[in-house]
Amino acid sequence: MPSRPKREPLILLADDDEDDRQLTSEALGEAQVSSELRCVKDGEELLDYLCRRGDYGPGGRDATPPGVILLDLNMPRMDGREALSKIKSDPDLRRIPVVVLTTSRAEEDIVRSYELGANSFITKPPTFTGLVEVARGFARYWLEVAELPEPRPV
């Protein structure tokens with residue numbers, strides 16, 4: 001049986017910190033990740049993007065379905081925990097892999113994230129070199145090894 005051709009899934013990053021979004025983008029570039037990266041600033045915007053509403057509704061900004069979501073936990077308006085809960089409880093969104101990428105090392109955040117349906121939990125390293133290594137590992141597994149479902153619009 002022939003295998004499916006590998007595609008370049010879009011990565012959607014939800015993080016309220018502009019510097020962290022920039023560093024993550026640079027780390028993915030340094031790790032030679034060729035997938036497109038799009039960013040949203042909080043859980044509300046993440047759900048607007050995924051559900052194609054608000055600025056991402058008809059006639060609004062492009063909301064190409066992501067192949068994988070990188071999710072920070074601590075954000076204003078709607079934090080990552082609440083966004084994760086909403087994504088994984090929605091039959092149209094739950095199939096999108098969600099990788100928590102946060103500064104937290106708290107056991108309660110790790111356990112809660114998995115209970116809410118996170119597919120992976122990664123603590124952001126304190127150095128850019130460490131972040132590049134994390135980006136390489138993320139890309140190797142999620143973009144090369146894992147079989148992702150075809151993204152589909154909601």
# chains A, B, ... in the order shown; residues from 1 in each chain; ligands from 1

$ residues_around --residues "Ser104 (chain A)" --least-positions-apart "5" --cutoff "10 Å" --atoms "only C-alpha atoms" --output "NGL selection string"
:A and (72-74 or 109-110 or 121-124)

$ write_last_selection --atoms "C-alpha atoms" --output "JSON list (two decimals), in the first residue's frame"
[["chain", "number", "residue", "atom", "x", "y", "z"],
["A", 72, "ASP", "CA", 1.03, 28.79, 25.66],
["A", 73, "LEU", "CA", -0.88, 28.35, 28.91],
["A", 74, "ASN", "CA", -0.73, 31.81, 30.47],
["A", 109, "ASP", "CA", -0.03, 22.32, 34.69],
["A", 110, "ILE", "CA", 1.44, 19.20, 33.11],
["A", 121, "PHE", "CA", 3.72, 19.23, 26.90],
["A", 122, "ILE", "CA", 7.00, 21.06, 26.37],
["A", 123, "THR", "CA", 8.60, 23.50, 28.80],
["A", 124, "LYS", "CA", 10.29, 26.40, 27.03]]

$ residues_around --residues "Glu8 (chain A)" --least-positions-apart "2" --cutoff "8 Å" --atoms "only C-alpha atoms" --output "NGL selection string"
:A and (6 or 10 or 34-36 or 143)

$ residues_around --residues "region 54-61 of chain A" --least-positions-apart "3" --cutoff "12 Å" --atoms "only C-alpha atoms" --output "CSV table (one decimal) with N, CA and C atoms, in the first residue's frame"
chain,number,residue,atom,x,y,z
A,38,ARG,N,1.9,30.7,11.8
A,38,ARG,CA,1.0,31.8,12.0
A,38,ARG,C,0.8,31.9,13.5
A,40,VAL,N,-1.3,33.8,16.9
A,40,VAL,CA,-2.5,34.5,17.5
A,40,VAL,C,-2.0,34.8,18.9
A,44,GLU,N,-8.9,33.5,22.9
A,44,GLU,CA,-10.0,34.1,22.2
A,44,GLU,C,-9.7,34.1,20.7
A,45,GLU,N,-8.5,34.7,20.4
A,45,GLU,CA,-8.1,34.8,18.9
A,45,GLU,C,-7.9,33.4,18.3
A,46,LEU,N,-7.3,32.5,19.1
A,46,LEU,CA,-7.1,31.2,18.7
A,46,LEU,C,-8.5,30.5,18.2
A,47,LEU,N,-9.5,30.6,19.1
A,47,LEU,CA,-10.8,30.1,18.7
A,47,LEU,C,-11.4,30.8,17.6
A,48,ASP,N,-11.3,32.1,17.5
A,48,ASP,CA,-11.8,32.9,16.4
A,48,ASP,C,-11.1,32.3,15.1
A,49,TYR,N,-9.8,32.1,15.1
A,49,TYR,CA,-9.1,31.6,13.9
A,49,TYR,C,-9.7,30.2,13.6
A,50,LEU,N,-9.7,29.3,14.6
A,50,LEU,CA,-10.1,27.9,14.3
A,50,LEU,C,-11.6,27.8,13.8
A,51,CYS,N,-12.4,28.7,14.4
A,51,CYS,CA,-13.9,28.6,14.1
A,51,CYS,C,-14.2,29.6,13.0
A,64,THR,N,-6.3,29.5,7.2
A,64,THR,CA,-6.0,28.1,6.8
A,64,THR,C,-5.9,27.2,8.0
A,65,PRO,N,-6.6,26.0,7.9
A,65,PRO,CA,-6.6,25.1,9.1
A,65,PRO,C,-5.2,24.7,9.4
A,153,PRO,N,-11.4,22.7,7.2
A,153,PRO,CA,-12.0,23.9,7.7
A,153,PRO,C,-13.2,23.5,8.6
A,154,VAL,N,-13.5,24.4,9.6
A,154,VAL,CA,-14.7,24.2,10.5
A,154,VAL,C,-15.9,24.7,9.8

$ closest_atom_pairs --of "region 103-147 of chain A" --to "region 22-25 of chain A" --cutoff "8 Å" --atoms "only C-alpha atoms" --output "JSON lines"
{"residue": "A:Phe128", "atom": "CA", "partner": "A:Leu23", "partner_atom": "CA", "distance": 7.4}
{"residue": "A:Leu131", "atom": "CA", "partner": "A:Thr24", "partner_atom": "CA", "distance": 7.3}
{"residue": "A:Ala135", "atom": "CA", "partner": "A:Thr24", "partner_atom": "CA", "distance": 7.9}

$ select_by_dssp --residues "region 76-129 of chain A" --states "helix (DSSP H, G or I)" --output "list in words"
Gly80, Arg81, Glu82, Ala83, Leu84, Ser85, Lys86, Ile87, Lys88, Ser89, Glu107, Glu108, Asp109, Ile110, Val111, Arg112, Ser113, Tyr114, Glu115, Phe128 and Thr129 of chain A

$ closest_residue --among "A:Thr102, A:Pro91, A:Asp79, A:Val33" --to "Tyr141 (chain A)" --atoms "only C-alpha atoms"
A:Val33

$ select_by_dssp --residues "region 28-135 of chain A" --states "strand (DSSP E)" --output "MDAnalysis selection string"
chainID A and resid 37:40 68:71 98:102 120:123

$ residues_around --residues "Ile11 (chain A)" --least-positions-apart "3" --cutoff "9 Å" --atoms "only C-alpha atoms" --output "VMD selection string"
chain A and resid 35 to 39 66 to 70

$ write_last_selection --atoms "N, CA, C and O atoms" --output "short mmCIF file (atom, residue, chain, number, x, y, z; two decimals), in the first residue's frame"
data_model
loop_
_atom_site.label_atom_id
_atom_site.label_comp_id
_atom_site.auth_asym_id
_atom_site.auth_seq_id
_atom_site.Cartn_x
_atom_site.Cartn_y
_atom_site.Cartn_z
N SER A 35 7.62 24.60 7.40
CA SER A 35 6.17 24.82 7.54
C SER A 35 5.90 26.28 7.85
O SER A 35 6.67 26.93 8.55
N GLU A 36 4.79 26.77 7.33
CA GLU A 36 4.37 28.14 7.64
C GLU A 36 3.96 28.24 9.10
O GLU A 36 3.31 27.34 9.64
N LEU A 37 4.36 29.33 9.75
CA LEU A 37 3.97 29.61 11.13
C LEU A 37 3.05 30.81 11.12
O LEU A 37 3.37 31.86 10.55
N ARG A 38 1.89 30.66 11.76
CA ARG A 38 0.99 31.78 11.98
C ARG A 38 0.82 31.93 13.48
O ARG A 38 0.89 30.95 14.22
N CYS A 39 0.57 33.17 13.91
CA CYS A 39 0.48 33.45 15.34
C CYS A 39 -0.82 34.15 15.70
O CYS A 39 -1.31 34.98 14.94
N PRO A 66 -4.85 24.67 10.68
CA PRO A 66 -3.50 24.23 11.07
C PRO A 66 -3.37 22.72 11.10
O PRO A 66 -4.35 22.00 11.31
N GLY A 67 -2.13 22.25 10.92
CA GLY A 67 -1.84 20.83 11.10
C GLY A 67 -1.53 20.53 12.55
O GLY A 67 -1.76 19.42 13.03
N VAL A 68 -1.02 21.53 13.27
CA VAL A 68 -0.67 21.39 14.68
C VAL A 68 -0.71 22.76 15.34
O VAL A 68 -0.42 23.78 14.70
N ILE A 69 -1.08 22.78 16.62
CA ILE A 69 -1.15 24.02 17.39
C ILE A 69 -0.09 23.99 18.48
O ILE A 69 0.04 22.99 19.19
N LEU A 70 0.68 25.07 18.60
CA LEU A 70 1.58 25.30 19.73
C LEU A 70 0.86 26.26 20.65
O LEU A 70 0.48 27.36 20.23
#

$ closest_residue --among "A:Ala14, A:Pro125, A:Arg21, A:Arg81" --to "Arg105 (chain A)" --atoms "only C-alpha atoms"
A:Pro125

$ closest_residue --among "A:Val98, A:Ala83, A:Val132, A:Val145" --to "Asp42 (chain A)" --atoms "only C-alpha atoms"
A:Ala83

$ atom_distance --atom1 "CA of Phe138 (chain A)" --atom2 "CA of Leu101 (chain A)"
10.3 Å
